[in-house]
Amino acid sequence: MAAEMMTAQELTDLRLGTLDTAVSDWEKMHGKLDTLATGGGGGVSAKALETQAKAADWSGANATISKEFVTKIAVEFQDVAGQAKSVLGILRDASAAFKKHKTALRTIIDDLAKHHIYINDKGGAIASVPSGAAAGKGDIPTPTDEELAVAERRVKRVLWEASETDRIAARALRALAKNKHDFTGDGPGGLKEADDRQGKADADYWAKKAQESNPGEWSDAEIARFNETLKDQRDNPGFSERFATTLGGEGTLQFWRDMAAPPGGAVEGDRAKTLAEVQDNLSMTLATATQSESPAMDTWKREVIAAGDKPFPIQGLPMGPNGYQVMSSLMDKGKFDDEFLNDYGDSLLKYEREYPGDPEVAWRDTANLNYPPTDEPNDPFVGFMEGLGHNPEASLDFFNDSTTADGKEMDNWDYLVAKGDDARAWPPGEDGKPLGHDALGHALESATIGVPHESDATPPKHSAGSAELVNRIVGEYGKNHDVLKDSPLSDSLGNITAEYMRDVQDGMNSGRPVDTYGSNANLGSGDLPDGALKDFLAGVGKDPDAYGAIINSQQAVTTELINDVYQDKAKFDEVSVEVGNRVTPGAEIAGIMAESRTQAVYDDKIAADAEFNESLATTDKWADRAIDMGLSRFPVAGDAAGMIIGDIKEVVVDHYTRDSSDEAGQERSDFLERQRANSADAIYDATYQRAIAAGVDHENASSQADAAARHVKEGYAMGRQRAGS
């Protein structure tokens, strides 16, 4: 990342005509210089003069002075032609790249405008919804904070790429122009080669400095410079591999231990803030490095794993963190190589399972390796789980794999998640909750959803392996749902539930199948404990973020299922009956969620109503996601599809954002009954709108919507009963 990132206005206004002219001029210049240097076309050339000079019979002073002069000048012509070729390559690549960046930005801005999001000069996203007469008859939804954040990330990514092009090109051209009277040196052929060379040069500088000094004693200015280099080069294989392999596996671990945990204890103030950035950027740098399959990088990976049980004591002290603890602290960001993650995880599990004490004893060291600093133990499983959270393939493989320790093979799932006698006892954090369960949730999200945790990317269709893992999750936490009370895992389990909402509704639909997005998680199968799915939902729904994700996804899927009926209404003898069949599972889920919400607020006192209401707005991306899965079923696209999604989000906010607290003048029972009515109203609206859109007259549409609302009230009551039992 460049120190000064290009703004949206600067990239939009960038005029490339002058640059294209320069490319054209340098093409001509290079052609002329190349002809002078090599003699293309048979004319007089420096190369020919050099050949003749070497072949001539020189005598006297000419044998040394004149011959040397002629041959040196000949070489200079060849060097200047070579550097002209480098300039041409850099300018040509820069021109092509900037055109690509400008087009990408324009495309994003135009696309966001259709969704009423305006991008300002700096690249910020602002809601831009017409009001009053300008809006006409349309009910245009205001973009949510989450939608604005996603929009900004899309824009900032393009601006970052454009800034990188500018940085690399400028540095390469400055290097070529450094000496006005010396053309020696082989310049890069284009931006890619220039980036690689610059990365290796920076890696050599910082690796040498790390080897010749103590990183913990670097000045604030030096650490800031190192951090800026990491920002620029963290995704550059030329830098990342050279830096890691020059330090070596143990050297890399020693480097971060020295920098993060100097003898005086945790670093504070501005230096600590910089080190927090260094930790993130170094993590991404090493993740990039592990993607290399070179022999040197293979050696680095083996050295890191082999050093897992080696202590790295703080200067002057007998104890210190071991290699697993240091390496895991550098796994929080970036996508590490699949094979490395699994080999590292196998080694880590084997070490811990064979350790004579429990994990809290094994990882009791509290030397500061993480920023911002804490007094919590350095549990390496936390960083490792975050590493899996950014690599869906490795995460799924790991949870489906097993590890042998002390001659006993055990599923990784059983050790990390299940509650058997040999399962892991996760060390508690400062709040008393399992220290790594938040990270464990992130790993489970990536394994089941198929994209890195918190990624904006569109997930792939669910694989058989990921669907099977969801089945195991529901089974495990369905029979042990009490452990989810105020658990750091719950928000991730809510996201997984929202992603697999079609599978959830299929599992609750009493033999009437619901099409799923890829492989079916079979949540209604007899393999799960009786009532596990509903108990799972009841446990997860006590978390506000999980509640919001599930409600948004449930409403979207239920609306889509209603739409499916009206698309094929000729197939059914009684449309009302079929609509009732389709809405009942969603109604049960709404009832379970309402009961769980009130239990969390009244009984367990682990959350407030305001948190649940806020979550309904901040987790509305799951409505978009649920509709995206089945968009082909809608006879609409583009703006019309966006209106349907907007309608669903509005329904969620209007019908599910309610206050159950006594301060709002409501008793618990009043709130639950009102939510029952609101759920029925939401489905009434969805059914009526879909019926009218399908050509049903007002009277019949109202009748069918009334029937759907009655089914919802019945299903809601069943869900409440299950969650409250």
# chains A, B, ... in the order shown; residues from 1 in each chain; ligands from 1

call {"tool": "closest_atom_pairs", "arguments": {"of": "region 381-425 of chain A", "to": "region 460-470 of chain A", "cutoff": "9 Å", "atoms": "only C-alpha atoms", "output": "Markdown table"}}
result
| residue | atom | partner | partner_atom | distance |
| --- | --- | --- | --- | --- |
| A:Leu396 | CA | A:Ser466 | CA | 6.8 |
| A:Asp397 | CA | A:Gly465 | CA | 8.7 |
| A:Phe399 | CA | A:Leu469 | CA | 8.1 |
| A:Asn400 | CA | A:Leu469 | CA | 7.9 |

call {"tool": "residues_around", "arguments": {"residues": "region 247-253 of chain A", "least_positions_apart": "6", "cutoff": "7 Å", "atoms": "only C-alpha atoms", "output": "list in words"}}
result
Ala207, Trp300, Lys301, Glu303, Val304, Ala307, Gly323, Val326 and Met327 of chain A

call {"tool": "residues_around", "arguments": {"residues": "Ser219 (chain A)", "least_positions_apart": "5", "cutoff": "10 Å", "atoms": "only C-alpha atoms", "output": "list in words"}}
result
Ala224, Arg225 and Arg271 of chain A

call {"tool": "write_last_selection", "arguments": {"atoms": "C-alpha atoms", "output": "short mmCIF file (atom, residue, chain, number, x, y, z; two decimals), in the first residue's frame"}}
result
data_model
loop_
_atom_site.label_atom_id
_atom_site.label_comp_id
_atom_site.auth_asym_id
_atom_site.auth_seq_id
_atom_site.Cartn_x
_atom_site.Cartn_y
_atom_site.Cartn_z
CA ALA A 224 7.59 2.91 11.33
CA ARG A 225 9.76 2.63 8.19
CA ARG A 271 4.97 2.34 19.52
#

call {"tool": "residues_around", "arguments": {"residues": "Ile223 (chain A)", "least_positions_apart": "3", "cutoff": "12 Å", "atoms": "only C-alpha atoms", "output": "VMD selection string"}}
result
chain A and resid 206 209 to 210 214 to 220 226 to 230 259 to 260 270 to 279

call {"tool": "write_last_selection", "arguments": {"atoms": "N, CA and C atoms", "output": "compact mmCIF listing (two decimals), in the first residue's frame"}}
result
# COMPACT_ATOMS: atom_id res chain seq x y z
N TRP A 206 16.10 -5.14 5.00
CA TRP A 206 15.54 -5.33 6.33
C TRP A 206 15.99 -6.64 6.97
N LYS A 209 19.40 -5.94 8.35
CA LYS A 209 19.29 -5.11 9.55
C LYS A 209 18.83 -5.94 10.74
N ALA A 210 17.89 -6.87 10.50
CA ALA A 210 17.39 -7.72 11.58
C ALA A 210 18.48 -8.65 12.09
N ASN A 214 19.29 -5.85 17.17
CA ASN A 214 18.15 -6.40 17.91
C ASN A 214 16.90 -5.62 17.53
N PRO A 215 15.92 -6.25 16.86
CA PRO A 215 14.71 -5.53 16.44
C PRO A 215 13.98 -4.87 17.60
N GLY A 216 14.11 -5.44 18.80
CA GLY A 216 13.46 -4.84 19.95
C GLY A 216 14.05 -3.51 20.34
N GLU A 217 15.26 -3.21 19.83
CA GLU A 217 15.92 -1.94 20.14
C GLU A 217 15.85 -0.95 18.99
N TRP A 218 15.13 -1.31 17.93
CA TRP A 218 14.97 -0.35 16.83
C TRP A 218 14.23 0.88 17.33
N SER A 219 14.56 2.01 16.77
CA SER A 219 13.89 3.25 17.15
C SER A 219 12.45 3.24 16.62
N ASP A 220 11.63 4.14 17.16
CA ASP A 220 10.26 4.26 16.68
C ASP A 220 10.24 4.58 15.18
N PHE A 226 9.91 0.27 8.71
CA PHE A 226 9.73 -1.15 8.43
C PHE A 226 8.26 -1.45 8.17
N ASN A 227 7.38 -0.85 8.95
CA ASN A 227 5.95 -1.07 8.77
C ASN A 227 5.48 -0.57 7.40
N GLU A 228 5.99 0.59 6.98
CA GLU A 228 5.61 1.11 5.66
C GLU A 228 6.09 0.17 4.55
N THR A 229 7.27 -0.40 4.73
CA THR A 229 7.76 -1.37 3.74
C THR A 229 6.84 -2.58 3.69
N LEU A 230 6.43 -3.07 4.85
CA LEU A 230 5.52 -4.22 4.89
C LEU A 230 4.20 -3.89 4.20
N MET A 259 11.13 -8.31 18.68
CA MET A 259 10.46 -7.04 18.44
C MET A 259 9.24 -6.86 19.34
N ALA A 260 8.45 -7.94 19.49
CA ALA A 260 7.18 -7.84 20.21
C ALA A 260 7.35 -7.90 21.72
N ASP A 270 2.33 4.99 21.38
CA ASP A 270 2.33 5.02 19.91
C ASP A 270 3.12 3.86 19.33
N ARG A 271 4.17 3.46 20.02
CA ARG A 271 4.97 2.34 19.52
C ARG A 271 4.12 1.06 19.49
N ALA A 272 3.27 0.88 20.50
CA ALA A 272 2.39 -0.28 20.53
C ALA A 272 1.41 -0.25 19.36
N LYS A 273 0.90 0.93 19.03
CA LYS A 273 -0.03 1.05 17.90
C LYS A 273 0.66 0.67 16.59
N THR A 274 1.92 1.11 16.46
CA THR A 274 2.67 0.76 15.25
C THR A 274 2.94 -0.74 15.20
N LEU A 275 3.28 -1.32 16.35
CA LEU A 275 3.55 -2.76 16.40
C LEU A 275 2.30 -3.57 16.07
N ALA A 276 1.12 -3.06 16.41
CA ALA A 276 -0.11 -3.75 16.04
C ALA A 276 -0.24 -3.83 14.51
N GLU A 277 0.15 -2.75 13.85
CA GLU A 277 0.13 -2.75 12.38
C GLU A 277 1.22 -3.67 11.83
N VAL A 278 2.39 -3.63 12.45
CA VAL A 278 3.48 -4.51 12.02
C VAL A 278 3.05 -5.97 12.13
N GLN A 279 2.40 -6.31 13.23
CA GLN A 279 1.96 -7.70 13.42
C GLN A 279 1.02 -8.14 12.29

call {"tool": "closest_residue", "arguments": {"among": "A:Asn471, A:Ser702, A:Asn236, A:Ser328", "to": "Leu528 (chain A)", "atoms": "only C-alpha atoms"}}
result
A:Asn471

call {"tool": "select_by_dssp", "arguments": {"residues": "region 83-280 of chain A", "states": "helix (DSSP H, G or I)", "output": "PyMOL selection string"}}
result
chain A and resi 83-114+132-135+145-176+191-212+215-217+220-233+237-247+249-260+269-280

call {"tool": "closest_residue", "arguments": {"among": "A:Asp338, A:Glu386, A:Asp603, A:Asp110", "to": "Glu454 (chain A)", "atoms": "only C-alpha atoms"}}
result
A:Glu386

call {"tool": "residues_around", "arguments": {"residues": "Leu14 (chain A)", "least_positions_apart": "5", "cutoff": "9 Å", "atoms": "only C-alpha atoms", "output": "VMD selection string"}}
result
chain A and resid 9 98 102

call {"tool": "residues_around", "arguments": {"residues": "region 344-356 of chain A", "least_positions_apart": "5", "cutoff": "8 Å", "atoms": "only C-alpha atoms", "output": "compact mmCIF listing (two decimals) with C-alpha atoms, in the first residue's frame"}}
result
# COMPACT_ATOMS: atom_id res chain seq x y z
CA ILE A 305 7.20 -26.52 12.43
CA GLY A 308 7.35 -25.38 17.49
CA ASP A 309 8.46 -26.85 20.82
CA TYR A 324 4.13 -22.51 18.30
CA ALA A 362 1.01 -25.84 28.45
CA PHE A 384 -4.03 -21.01 14.22
CA PHE A 398 -8.50 -29.83 9.01
CA THR A 403 -4.21 -36.50 14.32
CA THR A 404 -2.26 -39.26 16.03
CA ALA A 405 -0.66 -38.56 19.41
CA ASP A 406 0.78 -41.12 21.83

call {"tool": "closest_atom_pairs", "arguments": {"of": "region 164-206 of chain A", "to": "region 88-96 of chain A", "cutoff": "9 Å", "atoms": "only C-alpha atoms", "output": "JSON lines"}}
result
{"residue": "A:Thr165", "atom": "CA", "partner": "A:Ala94", "partner_atom": "CA", "distance": 6.6}
{"residue": "A:Asp166", "atom": "CA", "partner": "A:Ala94", "partner_atom": "CA", "distance": 7.6}
{"residue": "A:Ala169", "atom": "CA", "partner": "A:Ile90", "partner_atom": "CA", "distance": 6.3}
{"residue": "A:Ala172", "atom": "CA", "partner": "A:Ile90", "partner_atom": "CA", "distance": 7.7}
{"residue": "A:Leu173", "atom": "CA", "partner": "A:Ile90", "partner_atom": "CA", "distance": 7.8}
{"residue": "A:Pro188", "atom": "CA", "partner": "A:Ile90", "partner_atom": "CA", "distance": 7.9}
{"residue": "A:Gly189", "atom": "CA", "partner": "A:Gly89", "partner_atom": "CA", "distance": 5.4}
{"residue": "A:Gly190", "atom": "CA", "partner": "A:Ile90", "partner_atom": "CA", "distance": 4.5}
{"residue": "A:Leu191", "atom": "CA", "partner": "A:Ile90", "partner_atom": "CA", "distance": 5.4}
{"residue": "A:Lys192", "atom": "CA", "partner": "A:Asp93", "partner_atom": "CA", "distance": 8.7}
{"residue": "A:Ala194", "atom": "CA", "partner": "A:Ile90", "partner_atom": "CA", "distance": 8.1}

call {"tool": "write_last_selection", "arguments": {"atoms": "C-alpha atoms", "output": "JSON list (two decimals), in the first residue's frame"}}
result
[["chain", "number", "residue", "atom", "x", "y", "z"],
["A", 165, "THR", "CA", 1.02, 0.93, -9.93],
["A", 166, "ASP", "CA", 2.05, 4.54, -9.38],
["A", 169, "ALA", "CA", 6.50, 2.75, -11.73],
["A", 172, "ALA", "CA", 11.59, 2.10, -11.14],
["A", 173, "LEU", "CA", 11.91, 5.25, -13.26],
["A", 188, "PRO", "CA", 13.52, -4.30, -15.44],
["A", 189, "GLY", "CA", 11.49, -5.19, -18.50],
["A", 190, "GLY", "CA", 8.20, -3.97, -17.03],
["A", 191, "LEU", "CA", 6.20, -3.32, -13.88],
["A", 192, "LYS", "CA", 6.03, -6.94, -12.74],
["A", 194, "ALA", "CA", 10.29, -3.96, -11.29]]

call {"tool": "residues_around", "arguments": {"residues": "Gln704 (chain A)", "least_positions_apart": "6", "cutoff": "9 Å", "atoms": "only C-alpha atoms", "output": "number ranges by chain"}}
result
A: 575-577, 579, 684, 687-688, 691

call {"tool": "write_last_selection", "arguments": {"atoms": "C-alpha atoms", "output": "mmCIF file, in the first residue's frame"}}
result
data_model
loop_
_atom_site.group_PDB
_atom_site.id
_atom_site.type_symbol
_atom_site.label_atom_id
_atom_site.label_comp_id
_atom_site.auth_asym_id
_atom_site.auth_seq_id
_atom_site.Cartn_x
_atom_site.Cartn_y
_atom_site.Cartn_z
ATOM 1 C CA VAL A 575 -52.428 -22.635 -3.692
ATOM 2 C CA SER A 576 -53.269 -21.591 -0.121
ATOM 3 C CA VAL A 577 -52.393 -25.028 1.218
ATOM 4 C CA VAL A 579 -48.225 -21.545 0.630
ATOM 5 C CA TYR A 684 -49.340 -11.688 4.831
ATOM 6 C CA THR A 687 -47.969 -13.502 0.109
ATOM 7 C CA TYR A 688 -50.316 -10.748 -1.004
ATOM 8 C CA ALA A 691 -50.089 -13.202 -5.503
#

call {"tool": "closest_residue", "arguments": {"among": "A:Ala556, A:Ala693, A:Val474, A:Leu286", "to": "Met331 (chain A)", "atoms": "only C-alpha atoms"}}
result
A:Leu286

call {"tool": "closest_residue", "arguments": {"among": "A:Ser492, A:Gln555, A:Asn480, A:Ser240", "to": "Phe536 (chain A)", "atoms": "only C-alpha atoms"}}
result
A:Asn480
